[in-house]
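Asks: Let me give you the structure first, and then I'll get to my questions.
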Amino acid sequence: MTSQTEPKLSPAEKREARFAEWRSPGVSFASPEAERGYRERTQLIKDVVDLKKPARVPVCPIIGFYPFAYAGVTAREAMYDTEKLGLALKKFHADFLPDTLSSAPIYGSGQVFEALDYRLYRWPGHGVADRAPYQCVEAEYMRADEYDQFINDPSGFFGRFYLPRVFGALEAWQMQAPLTDILELPFFGPYIVPIGLPPVQAAYQKLLEAGRLAMEWIQAAAAIDGATMTTLGLPALIGGFTKAPFDTLGDTLRGTRGIMMDKFRQPNKLLAAMERLVPLAIDMGVRTATQGRNPMVFIPLHKGADGFLSNDDFKKFYWPTLKAVILGLIQEGLVPYLFVEGGYNQRLDIITDPDIPRGATIWVFDQTDMKEVKKRFTGWACFGGNLPVSMLKAATPDQVRTAVRRLIDDLAPDGGYLLANGAVLDDAEAENLHAMIQTGKEYGVY
Amino acid sequence: MTKALVEAIADMREEEALALAKEQLAGGTPPLDILEACREAMAVVGRRFEAGDCFVPELIMAGEVLRQISDLVKPRLTEAAPAAKRGRVVIGTVEGDIHDIGKDIVAFMLDINGFEVRDLGVDVPAARFVEAVKDFRPQVVGLSGFLTLAYDPMKNTIQALRAAGFAGKVMIGGGQIDEQIRQYTGADAYGQDAMAAVGLAKSWTP
């Protein structure tokens, strides 16, 4: 076998290759119009990422469970019945025609979560009402005295401590020995013997069943996105996913309360754990975006918002490892897409870091002062967001049109801007969402 | 003598604060004076929070130190702490929503500002708010919600409270709550943060 050396591409070359792959997905479109629409929409997005003036402002609403309420399907049905999931998303996309699609897999499979007895979340019909979206149950899934174990071996910690806590079906995994014990024949027993324990055997059976259900589900869910893309010409704005290390620890491992106490009681362990997470977070973003054949890596920002930390703590605890993740993704030709939840008014001078190359990121804001954002972001990074979800629910369509025009007047003139609402939309008035999308498309023409 | 304790708590010096509290208790400082020092320290933290000089971690840590000192003091209390409460507030996250971080911070800030707070938890149906109002007779009800899907449950809860004859004030708060949603739900006011909630509750309980 001849050895193949991969050509060494620069980050910019990698990025162009990734965008080219995203823009020419190698699928057959249902019509020339759909194919043209896909080319046009991906061009709008490529242009704003590159800080150019696109033909018009791309309209990229952030959508949660709204399509189901719109189509008369419950959130529970969307998570348990891929046929209803598909019909609802089809109707939603066809009726509203945004510039980017809402991806079916993000809604998850109730059957898979039930098979695993997933305890980290409540989902519709399983702890919250049938119409409610899934929601995270915060707790200390990693204890305060477990930092050293986590830092020494994150995967081992997940396998033997974290997963047995968040998946009831895998509780017995805590009886397993570390995989790294498997070194030599005479001492292999202590690893393999626990696998024979009846509860561990049962845990693996449940995991196999969850995997089987997941395979059925993903084939149906992926086909829904494929159909949205090929029939309507809508691209996905999100290719991969990763998180800021502070949020990884604060959201689903230590919890808000836990991480905030750690900041006082064991700051160095917290910092070391976040450092440990950086290469894992980059790797996750690279793998998921590569698999999604789409350069945009979604990073929702949670616990660094105004009020959650002082600026000094943000600079010490939140930003350095997030910045390292952002730079690591850019190095691989990816475009970090930061969804900045809450307010970031105190953070704007910190996040517009001169080490982050221009035209390399997307930032969608919620309740941050957008004129201040524009001052700092024009010529530096693509930005958008801020249309209040409260308006999409409770304002009149005219008020929505006025608000969209004002955003475009204030923010769009220099390019590098996309229109989005500021927070995930689960509930809205259809005519208001139509008003947002139509006004964006008509008034946003350059 | 308790000044050092007030400063240690307010400046988040946890170990020092606990050591001081133990030392003073052993040295004969009346338990109620220690609790008074805690109250003063919480007032300092509250003012700093309002001024934007301290943040969520400080509130959580101050609450944790307060809890630990209370645990030390309680077994030695011979008389009940003065219960001159400023007013009563019922609080909870509305039906369909299980987010509690903001709600918990508001409940804590109300508590250290002298309110008696009944926290109904998360995913609270309108009927449970109505029951609690009848039973606890608060001047103020606080409804929390993080999701856009909290808007309608807030509206329904307020309608149910009014239908049941609740004549006090209702305030709402959460990530996506603004004047538009105040009008939509029929709440008396909304607050952007915990200090706004305290300010509203104070203004309604003179």
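Letters for chains follow the order of the structure tokens (A, B, ...), residue numbers begin at 1 for each chain, and ligand numbers begin at 1 in the order shown.
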Please report, as a Markdown table, each residue of chain B lying at most 6 Å from chain A, together with the nearest pair of atoms and the separation in Å rounded to one decimal; use only C-alpha atoms, and order rows by chain and ascending residue number.

Replies:
```
| residue | atom | partner | partner_atom | distance |
| --- | --- | --- | --- | --- |
| B:Phe55 | CA | A:Gly307 | CA | 5.2 |
| B:Val56 | CA | A:Phe308 | CA | 4.9 |
| B:Pro57 | CA | A:Met260 | CA | 4.8 |
| B:Gly96 | CA | A:Ala132 | CA | 5.5 |
| B:Thr148 | CA | A:Asp427 | CA | 5.5 |
| B:Leu149 | CA | A:Asp427 | CA | 5.5 |
```

Asks: Any chance you could export the current selection's N, CA and C atoms as a PDB file, in the first residue's frame?

Replies:
```pdb
ATOM      1  N   PHE B  55     -22.271  39.812  41.187  1.00  0.00           N
ATOM      2  CA  PHE B  55     -22.971  39.069  40.146  1.00  0.00           C
ATOM      3  C   PHE B  55     -23.496  37.740  40.694  1.00  0.00           C
ATOM      4  N   VAL B  56     -23.987  36.899  39.810  1.00  0.00           N
ATOM      5  CA  VAL B  56     -24.590  35.630  40.240  1.00  0.00           C
ATOM      6  C   VAL B  56     -23.682  34.804  41.170  1.00  0.00           C
ATOM      7  N   PRO B  57     -22.383  34.644  40.849  1.00  0.00           N
ATOM      8  CA  PRO B  57     -21.565  33.814  41.754  1.00  0.00           C
ATOM      9  C   PRO B  57     -21.542  34.357  43.178  1.00  0.00           C
ATOM     10  N   GLY B  96     -45.347  24.290  32.470  1.00  0.00           N
ATOM     11  CA  GLY B  96     -44.676  23.944  31.217  1.00  0.00           C
ATOM     12  C   GLY B  96     -43.218  24.357  31.177  1.00  0.00           C
ATOM     13  N   THR B 148     -40.545  31.078  25.501  1.00  0.00           N
ATOM     14  CA  THR B 148     -41.657  31.814  24.900  1.00  0.00           C
ATOM     15  C   THR B 148     -42.974  31.109  25.233  1.00  0.00           C
ATOM     16  N   LEU B 149     -42.891  29.803  25.473  1.00  0.00           N
ATOM     17  CA  LEU B 149     -44.095  29.061  25.845  1.00  0.00           C
ATOM     18  C   LEU B 149     -44.547  29.337  27.276  1.00  0.00           C
TER      19      LEU B 149
END
```

Asks: If we count only C-alpha atoms and set the cut-off at 8 Å, which residues sit around Ala41 (chain B), ignoring sequence neighbours fewer than 3 positions away in its own chain? Please answer as a JSON list (two decimals) with C-alpha atoms, in the first residue's frame.

Replies:
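Contents of the output file selection.json:
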```
[["chain", "number", "residue", "atom", "x", "y", "z"],
["B", 6, "VAL", "CA", -20.07, 41.53, 57.97],
["B", 7, "GLU", "CA", -17.07, 42.37, 55.81],
["B", 9, "ILE", "CA", -19.33, 37.64, 54.32],
["B", 10, "ALA", "CA", -19.83, 40.58, 51.97],
["B", 37, "ALA", "CA", -24.41, 40.66, 61.01],
["B", 38, "CYS", "CA", -25.50, 38.24, 58.29],
["B", 44, "VAL", "CA", -24.24, 45.07, 51.34],
["B", 45, "VAL", "CA", -24.27, 42.26, 48.76]]
```

Asks: Please return as a PyMOL selection string: the residues of region 29-104 of chain B that backbone DSSP assigns to strand (DSSP E).

Replies: chain B and resi 87-93

Asks: Next, the residues of the selection above should be written as a PDB file, in the first residue's frame with C-alpha atoms.

Replies:
```
ATOM      1  CA  GLY B  87     -44.578  41.475  53.264  1.00  0.00           C
ATOM      2  CA  ARG B  88     -45.439  38.139  51.707  1.00  0.00           C
ATOM      3  CA  VAL B  89     -44.611  37.004  48.191  1.00  0.00           C
ATOM      4  CA  VAL B  90     -45.673  33.845  46.367  1.00  0.00           C
ATOM      5  CA  ILE B  91     -43.274  32.941  43.586  1.00  0.00           C
ATOM      6  CA  GLY B  92     -42.956  30.146  41.047  1.00  0.00           C
ATOM      7  CA  THR B  93     -42.069  29.183  37.476  1.00  0.00           C
TER       8      THR B  93
END
```

Asks: When you look at Pro295 (chain A) with a cut-off of 12 Å (counting only C-alpha atoms), what residues show up, excluding the ones that are within fewer than 3 positions of it in the same chain? I need them as a count of residues only.

Replies: 44

Asks: Check the smallest atom-to-atom distance from each of B:Tyr151, B:Gly145, B:Arg67, B:Val94 to Phe129 (chain B) using only C-alpha atoms, then report the winner.

Replies: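 Among the listed residues, B:Val94 lies closest to Phe129 (chain B).
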
Asks: Using only C-alpha atoms, determine which residues lie at most 12 Å from Gln68 (chain B), disregarding the query and same-chain residues fewer than 5 positions distant; provide the list as a list of chain:residue names.

Replies: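 The residues satisfying every condition are B:Ile9, B:Glu14, B:Glu15, B:Ala17, B:Leu18, B:Ala19, B:Ala21, B:Lys22, B:Leu35, B:Cys38, B:Met61, B:Ala62, B:Gly63, B:Val73, B:Lys74.
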
Asks: Near Ala160 (chain B), within 10 Å and counting only C-alpha atoms, which residues show up once chain neighbours fewer than 3 positions away are dropped, as a VMD selection string?

Replies: chain B and resid 126 to 127 129 to 130 154 to 157 163 to 166

Asks: Counting only C-alpha atoms, figure out which residue out of B:Gly142, B:Lys85, B:Glu40, B:Ile98 gets nearest to Tyr121 (chain A).

Replies: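 Counting only C-alpha atoms, the residue closest to Tyr121 (chain A) is B:Ile98.
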
Asks: Name all residues at most 10 Å from Met229 (chain A) (count only C-alpha atoms; drop same-chain ones fewer than 6 positions away) and give them as a PDB file with N, CA and C atoms, in the first residue's frame.

Replies:
```
ATOM      1  N   PRO A  25     -23.711  20.303  -2.679  1.00  0.00           N
ATOM      2  CA  PRO A  25     -23.843  19.139  -1.793  1.00  0.00           C
ATOM      3  C   PRO A  25     -23.930  17.804  -2.524  1.00  0.00           C
ATOM      4  N   VAL A  27     -26.358  16.488  -4.299  1.00  0.00           N
ATOM      5  CA  VAL A  27     -27.662  15.821  -4.227  1.00  0.00           C
ATOM      6  C   VAL A  27     -28.465  16.231  -5.461  1.00  0.00           C
ATOM      7  N   SER A  28     -29.501  15.451  -5.790  1.00  0.00           N
ATOM      8  CA  SER A  28     -30.331  15.919  -6.898  1.00  0.00           C
ATOM      9  C   SER A  28     -31.488  16.728  -6.347  1.00  0.00           C
ATOM     10  N   PHE A  29     -31.575  17.930  -6.786  1.00  0.00           N
ATOM     11  CA  PHE A  29     -32.666  18.806  -6.368  1.00  0.00           C
ATOM     12  C   PHE A  29     -33.920  18.432  -7.140  1.00  0.00           C
ATOM     13  N   ALA A  30     -35.059  18.727  -6.506  1.00  0.00           N
ATOM     14  CA  ALA A  30     -36.325  18.338  -7.117  1.00  0.00           C
ATOM     15  C   ALA A  30     -36.658  19.204  -8.324  1.00  0.00           C
ATOM     16  N   ALA A  34     -35.398  24.958  -7.033  1.00  0.00           N
ATOM     17  CA  ALA A  34     -34.877  24.595  -5.711  1.00  0.00           C
ATOM     18  C   ALA A  34     -33.357  24.682  -5.712  1.00  0.00           C
ATOM     19  N   GLU A  35     -32.744  24.204  -6.785  1.00  0.00           N
ATOM     20  CA  GLU A  35     -31.282  24.228  -6.854  1.00  0.00           C
ATOM     21  C   GLU A  35     -30.773  25.670  -6.893  1.00  0.00           C
ATOM     22  N   GLY A  37     -32.365  28.268  -5.765  1.00  0.00           N
ATOM     23  CA  GLY A  37     -32.623  28.842  -4.438  1.00  0.00           C
ATOM     24  C   GLY A  37     -31.534  28.460  -3.451  1.00  0.00           C
ATOM     25  N   TYR A  38     -31.110  27.203  -3.519  1.00  0.00           N
ATOM     26  CA  TYR A  38     -30.053  26.744  -2.607  1.00  0.00           C
ATOM     27  C   TYR A  38     -28.754  27.496  -2.874  1.00  0.00           C
ATOM     28  N   HIS A  93     -41.763  24.981   6.645  1.00  0.00           N
ATOM     29  CA  HIS A  93     -40.770  25.523   5.710  1.00  0.00           C
ATOM     30  C   HIS A  93     -41.426  26.018   4.425  1.00  0.00           C
ATOM     31  N   THR A 100     -32.929  29.628   5.855  1.00  0.00           N
ATOM     32  CA  THR A 100     -32.224  28.476   6.410  1.00  0.00           C
ATOM     33  C   THR A 100     -33.258  27.527   7.013  1.00  0.00           C
ATOM     34  N   LEU A 101     -32.913  26.239   7.047  1.00  0.00           N
ATOM     35  CA  LEU A 101     -33.902  25.271   7.518  1.00  0.00           C
ATOM     36  C   LEU A 101     -33.760  24.990   9.012  1.00  0.00           C
ATOM     37  N   ALA A 223     -33.830  12.269   6.404  1.00  0.00           N
ATOM     38  CA  ALA A 223     -34.573  12.357   5.142  1.00  0.00           C
ATOM     39  C   ALA A 223     -35.461  13.611   5.111  1.00  0.00           C
ATOM     40  N   PRO A 235     -30.805  25.748   2.821  1.00  0.00           N
ATOM     41  CA  PRO A 235     -29.632  25.150   3.457  1.00  0.00           C
ATOM     42  C   PRO A 235     -29.770  25.175   4.977  1.00  0.00           C
ATOM     43  N   ALA A 236     -28.956  24.362   5.650  1.00  0.00           N
ATOM     44  CA  ALA A 236     -28.861  24.459   7.112  1.00  0.00           C
ATOM     45  C   ALA A 236     -27.788  25.486   7.442  1.00  0.00           C
TER      46      ALA A 236
END
```

Asks: Which residues in region 278-340 of chain A does DSSP call alpha helix (DSSP H)? List them as an mmCIF file with N, CA and C atoms, in the first residue's frame.

Replies:
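Full text of states26.cif as output:
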```
data_model
loop_
_atom_site.group_PDB
_atom_site.id
_atom_site.type_symbol
_atom_site.label_atom_id
_atom_site.label_comp_id
_atom_site.auth_asym_id
_atom_site.auth_seq_id
_atom_site.Cartn_x
_atom_site.Cartn_y
_atom_site.Cartn_z
ATOM 1 N N VAL A 278 -10.730 22.021 26.133
ATOM 2 C CA VAL A 278 -10.539 22.762 24.876
ATOM 3 C C VAL A 278 -10.321 21.837 23.674
ATOM 4 N N PRO A 279 -9.311 20.919 23.729
ATOM 5 C CA PRO A 279 -9.121 20.069 22.530
ATOM 6 C C PRO A 279 -10.332 19.176 22.250
ATOM 7 N N LEU A 280 -11.033 18.768 23.304
ATOM 8 C CA LEU A 280 -12.227 17.933 23.092
ATOM 9 C C LEU A 280 -13.317 18.741 22.393
ATOM 10 N N ALA A 281 -13.467 19.999 22.806
ATOM 11 C CA ALA A 281 -14.503 20.855 22.208
ATOM 12 C C ALA A 281 -14.179 21.159 20.747
ATOM 13 N N ILE A 282 -12.897 21.392 20.458
ATOM 14 C CA ILE A 282 -12.502 21.656 19.065
ATOM 15 C C ILE A 282 -12.763 20.403 18.226
ATOM 16 N N ASP A 283 -12.330 19.267 18.744
ATOM 17 C CA ASP A 283 -12.493 18.012 18.016
ATOM 18 C C ASP A 283 -13.969 17.727 17.732
ATOM 19 N N MET A 284 -14.824 18.011 18.714
ATOM 20 C CA MET A 284 -16.251 17.776 18.516
ATOM 21 C C MET A 284 -16.788 18.668 17.395
ATOM 22 N N GLY A 285 -16.396 19.934 17.410
ATOM 23 C CA GLY A 285 -16.842 20.858 16.365
ATOM 24 C C GLY A 285 -16.368 20.413 14.992
ATOM 25 N N VAL A 286 -15.103 20.005 14.911
ATOM 26 C CA VAL A 286 -14.531 19.593 13.623
ATOM 27 C C VAL A 286 -15.241 18.349 13.103
ATOM 28 N N ARG A 287 -15.401 17.360 13.959
ATOM 29 C CA ARG A 287 -16.035 16.112 13.509
ATOM 30 C C ARG A 287 -17.483 16.327 13.082
ATOM 31 N N THR A 288 -18.240 17.060 13.899
ATOM 32 C CA THR A 288 -19.659 17.207 13.581
ATOM 33 C C THR A 288 -19.868 18.041 12.317
ATOM 34 N N ALA A 289 -19.050 19.078 12.147
ATOM 35 C CA ALA A 289 -19.206 19.901 10.941
ATOM 36 C C ALA A 289 -18.736 19.153 9.701
ATOM 37 N N THR A 290 -17.685 18.363 9.851
ATOM 38 C CA THR A 290 -17.190 17.583 8.716
ATOM 39 C C THR A 290 -18.255 16.579 8.280
ATOM 40 N N GLN A 291 -18.852 15.937 9.275
ATOM 41 C CA GLN A 291 -19.917 14.980 8.999
ATOM 42 C C GLN A 291 -21.128 15.683 8.372
ATOM 43 N N GLY A 292 -21.430 16.889 8.864
ATOM 44 C CA GLY A 292 -22.563 17.647 8.337
ATOM 45 C C GLY A 292 -22.264 18.330 7.013
ATOM 46 N N ASN A 311 -16.811 41.268 34.701
ATOM 47 C CA ASN A 311 -15.921 41.275 33.531
ATOM 48 C C ASN A 311 -14.583 40.622 33.860
ATOM 49 N N ASP A 312 -14.086 40.848 35.077
ATOM 50 C CA ASP A 312 -12.803 40.236 35.455
ATOM 51 C C ASP A 312 -12.918 38.707 35.438
ATOM 52 N N ASP A 313 -14.018 38.196 35.988
ATOM 53 C CA ASP A 313 -14.205 36.746 35.989
ATOM 54 C C ASP A 313 -14.451 36.220 34.575
ATOM 55 N N TRP A 319 -13.737 33.461 28.954
ATOM 56 C CA TRP A 319 -13.279 33.804 27.620
ATOM 57 C C TRP A 319 -12.045 33.036 27.129
ATOM 58 N N PRO A 320 -11.003 32.835 27.958
ATOM 59 C CA PRO A 320 -9.780 32.231 27.380
ATOM 60 C C PRO A 320 -10.017 30.876 26.719
ATOM 61 N N THR A 321 -10.781 30.010 27.357
ATOM 62 C CA THR A 321 -10.976 28.685 26.757
ATOM 63 C C THR A 321 -11.986 28.735 25.606
ATOM 64 N N LEU A 322 -12.972 29.623 25.682
ATOM 65 C CA LEU A 322 -13.868 29.787 24.534
ATOM 66 C C LEU A 322 -13.081 30.310 23.332
ATOM 67 N N LYS A 323 -12.242 31.293 23.597
ATOM 68 C CA LYS A 323 -11.411 31.841 22.511
ATOM 69 C C LYS A 323 -10.537 30.749 21.895
ATOM 70 N N ALA A 324 -9.968 29.890 22.732
ATOM 71 C CA ALA A 324 -9.124 28.805 22.223
ATOM 72 C C ALA A 324 -9.939 27.865 21.341
ATOM 73 N N VAL A 325 -11.194 27.610 21.714
ATOM 74 C CA VAL A 325 -12.059 26.754 20.890
ATOM 75 C C VAL A 325 -12.341 27.444 19.552
ATOM 76 N N ILE A 326 -12.680 28.734 19.620
ATOM 77 C CA ILE A 326 -12.966 29.499 18.396
ATOM 78 C C ILE A 326 -11.756 29.446 17.456
ATOM 79 N N LEU A 327 -10.569 29.720 18.000
ATOM 80 C CA LEU A 327 -9.366 29.747 17.155
ATOM 81 C C LEU A 327 -9.054 28.357 16.604
ATOM 82 N N GLY A 328 -9.273 27.332 17.407
ATOM 83 C CA GLY A 328 -9.014 25.962 16.951
ATOM 84 C C GLY A 328 -9.925 25.576 15.796
ATOM 85 N N LEU A 329 -11.179 26.019 15.854
ATOM 86 C CA LEU A 329 -12.123 25.719 14.770
ATOM 87 C C LEU A 329 -11.735 26.480 13.507
ATOM 88 N N ILE A 330 -11.371 27.749 13.673
ATOM 89 C CA ILE A 330 -10.992 28.567 12.509
ATOM 90 C C ILE A 330 -9.771 27.951 11.820
ATOM 91 N N GLN A 331 -8.856 27.450 12.618
ATOM 92 C CA GLN A 331 -7.649 26.800 12.095
ATOM 93 C C GLN A 331 -8.006 25.635 11.176
#
```

Asks: Near Gln192 (chain B), counting only C-alpha atoms, which residues have an atom at most 9 Å away, once you skip same-chain residues fewer than 4 positions from it, shown as a ChimeraX atom specification?

Replies: /B:173-175,177-178,196-197

Asks: Write the selection just made, keeping C-alpha atoms, as a tab-separated table (two decimals), in the first residue's frame?

Replies:
```tsv
chain	number	residue	atom	x	y	z
B	173	GLY	CA	-39.79	38.09	34.93
B	174	GLY	CA	-37.54	35.85	32.86
B	175	GLY	CA	-35.19	35.80	29.90
B	177	ILE	CA	-40.02	39.15	29.35
B	178	ASP	CA	-40.52	42.80	28.43
B	196	ALA	CA	-36.01	45.06	40.04
B	197	ALA	CA	-38.21	42.41	41.65
```

Asks: To one decimal place, how far is CA of Val364 (chain A) from CA of Asn421 (chain A) in Å?

Replies: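 Distance between the two atoms: 8.6 Å.
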
Asks: In Å to one decimal, how far is CA of Pro61 (chain A) from CA of Leu419 (chain A)?

Replies: 7.2 Å

Asks: Between CA of Met175 (chain A) and CA of Val112 (chain A), what distance in Å does the model show, to one decimal?

Replies: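 Separating CA of Met175 (chain A) from CA of Val112 (chain A) is a distance of 23.1 Å.
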